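**Q** This is the structure I want to talk about, given as structure tokens.
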Number of protein chains: 2
Amino acid sequence: MVAITSRLRYDSRMNKTDSTAVTSPRRARRSSGGITLTDVAKVAGVSAITASRALNMPSVVSPETLKRVLDAITRTGYVPNMLAGGLASSRSRLVAALVPTIAGPVFLETVQALTEALAESGYQLMLGQSGYTGQREDALLDAIIGRRPDGIVLTGIMHSAEGRRRLLASGIPVVETWDLTPTPMDMLVGFSHEKVGAAVAEYLHGKGRRRLAIVTADDHRASLRRQAFEATAARLGLPRIPACVVPAPTTLGSGRAGLSQLLDKHPDIDAVFCSSDVLALGVITEAQARGKSVPGDFGVFGFGDLGFAGDTHPALTTVRIDGTAIGYQAARFIVDRVEGREVPQRVVDLGFSIVERDSV
Amino acid sequence: MVAITSRLRYDSRMNKTDSTAVTSPRRARRSSGGITLTDVAKVAGVSAITASRALNMPSVVSPETLKRVLDAITRTGYVPNMLAGGLASSRSRLVAALVPTIAGPVFLETVQALTEALAESGYQLMLGQSGYTGQREDALLDAIIGRRPDGIVLTGIMHSAEGRRRLLASGIPVVETWDLTPTPMDMLVGFSHEKVGAAVAEYLHGKGRRRLAIVTADDHRASLRRQAFEATAARLGLPRIPACVVPAPTTLGSGRAGLSQLLDKHPDIDAVFCSSDVLALGVITEAQARGKSVPGDFGVFGFGDLGFAGDTHPALTTVRIDGTAIGYQAARFIVDRVEGREVPQRVVDLGFSIVERDSV
DNA sequence: CATTAAAATGTTAGCGCTATCATTTATTCC
DNA sequence: GGAATAAATGATAGCGCTAACATTTTAATG
């Protein structure tokens, strides 16, 4: 433990007219009491700015100075105040991610990858939940912009026009993810939901399934997949596809309910495409509860390849999205931009793949 | 749209010696270019501090001034810079939550409740993932403390002694959750894991189960439950309990593997206590894959009462923890403390309940 | 209507850090 | 070996906001 003995509390008014200098100090300082960089500098016997450089640009201070400063830091237990640093440099080293909800496991992988990749570069992730409704989106946006993040990652969110405007106006780099919109705001990393829908329809058709059905969430991206699924099925000459739309976020329960509803009206379906693996697990569960065989009576196709997909019974055939890659790419985009590097390719299509297991 | 016409760019050096006043400006300002409170104040025709008060203490400005300021804000599209505000007031309006991982659904409810409750009071949650290993915990802690949050919520984390010291030294209010430790750092909201373990053992015994087994994660809290479970079983005269310990975070797959392992050595078990519902779902799945009946051949007991627990087949009997209540209480603790209110009761036991469904 | 108290607004300085220069010290080069 | 260059360090001011006090305006009181 080190005592900071000579914390100079000089009076800046000393230099002014003599008359005021005599009166008692007009106001007290309001230091929050913590250890500041100035304290560290004092202990190390250097100026504050040198201590700052030792932390932020260690290559420009001499090795022995660096050592003295780092020493002083450990001895004092100094922790940099990033509010002050961010204010002074307009670099908050904060990146915000907006997800509909953290309850849905779909984006977890992406968020986790983001967190890690950013941490490696010295940035921190702040998570905002907008809800699928987009109700309080504007308030949340203000709260986020107010922290002056160095970047914003939008994950599976359709922004209101007003929201887009505010974001653009803020001048903060934006990465949209999980969706390949034709008109990106800034940077984008995702895949084509239309292609997924088409690919799944073709796959099921190729497996001899003819009476397809779909259980899908009511969010935008799932709708995109559904439309392409239906269009492709039609193109392949398959009958009209019965659908059950459930509210996002999807749950095991809504999957069960979805299959029930479907089976009541269309007992002859031979394949179900689900808009998430969770939904698919629900469908499998309901099938089991009803004594139906998967894939015997009908096949089940998921989406996401979540952690459990290989462990269900039967193991789930699904669409694999590399959420981790999405997260890493998004982090790279933002860090590159913030550190002034060129980002020539602002749109990245990471594609998807079909993981064949036992449920179809 | 409003043009800020007269953004005064006065030169503070005008008042100094004439010689320097002639030389060209020594340095340029480095405004980040955005709209500031001062701009808003100018548009509204008031001083900066009045504009500040209009935002933060609307009750102390006159109604018409308030209106003029709010007007100016919408016209200019001003978004407060919370870095600056936090630095000046030492109130960041940020609360940090540390979880082992967001991949585990166990704490999601708590995190969600925290987010909501804090947002209502004008605070924002920043999520940190420490990992179950507690490896990078210290680096993370620095990153968090560096943001000067108004409070820190620890969720399911055993801190290193060093970590506890740093936290305490930072002077930031801390709420520990999900665990009723005998020596809380500051504030605490949780329940007794020992009581849970004992209650489950008694319940299973009461249901006539005699050959209990356990599949449990290797984290601290799960171990607490396990020990009490074993002790109580012994007290009830039951035989030694075979256990399968799996790494946290728990997955469906590790649940399946756990049951396999258990069944290989102890084919006669008649009940399995799982340290999470996810694990329990894995056990049920494996049972189904093996053609075993639940609860016929053996009962399955979960923990957490996660969203899907009521929808599994058979529906899962489990321990319900009110994660939402934990989150709300934690938020209340912190907000109360920050706003200077008394927090007389610094430890809250929220208890738990057993939800009887069909799996035992 | 003068006097006081209360309400509303303003002035100043500073939160803790870093950008922008300016200065000092070490190194290189013909 | 002295000029030119590079490396290391420092002084100053300001990022955008709010605490602390000061002042002005309004309302309340006898």
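Ligands are numbered from 1 in the order shown, chains are lettered A, B, ... in the order of the structure tokens, and residues start at 1 in each chain.
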Just asking: which residues within stretch 170-299 of chain A are strand (DSSP E or B) according to DSSP, as a PyMOL selection string?
**A** chain A and resi 174-177+187-190+212-217+243-246+271-274+299
**Q** Per DSSP on the backbone, filter stretch 60-296 of chain B down to the residues in alpha helix (DSSP H) and report them as a PyMOL selection string.
**A** chain B and resi 63-76+82-89+108-120+137-146+161-170+193-206+220-235+252-265+277-289
**Q** So which residues touch stretch 216-230 of chain A within 9 Å, counting only C-alpha atoms (C1' of nucleotides), skipping near sequence neighbours fewer than 2 positions away, as an MDAnalysis selection string?
**A** chainID A and resid 132 156:158 178:179 192:202 214 232:235 240:241 243:250 255 258 273:276 279
**Q** I need the residue nearest A:Thr36 from this list: A:Arg147, A:Ala72, A:Glu64, A:Leu252. Use only C-alpha atoms for the distance.
**A** A:Ala72
**Q** Return the neighbours of chain B among the residues of chain C, cut-off 7 Å, counting only C-alpha atoms (C1' of nucleotides), as a list in words.
**A**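 Therefore, the residues near the partner are DA8, DT9, DG10, DC15, DT20 and DC21 of chain C.
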**Q** Could you tell me how far atom CA of A:Ile354 sits from atom CA of A:Met185, in Å to one decimal place?
**A** 29.2 Å
**Q** Compute the set of chain D residues within 7 Å of chain A, using only C-alpha atoms (C1' of nucleotides), and express it as a tab-separated table (two decimals) with C-alpha atoms (C1' of nucleotides), in the first residue's frame.
**A**
```tsv
chain	number	residue	atom	x	y	z
D	8	DA	C1'	11.15	11.23	-25.03
D	9	DT	C1'	8.81	14.17	-22.05
D	10	DG	C1'	6.16	18.12	-20.61
D	15	DC	C1'	-13.81	17.12	-24.11
D	20	DA	C1'	-21.32	24.57	-5.70
```
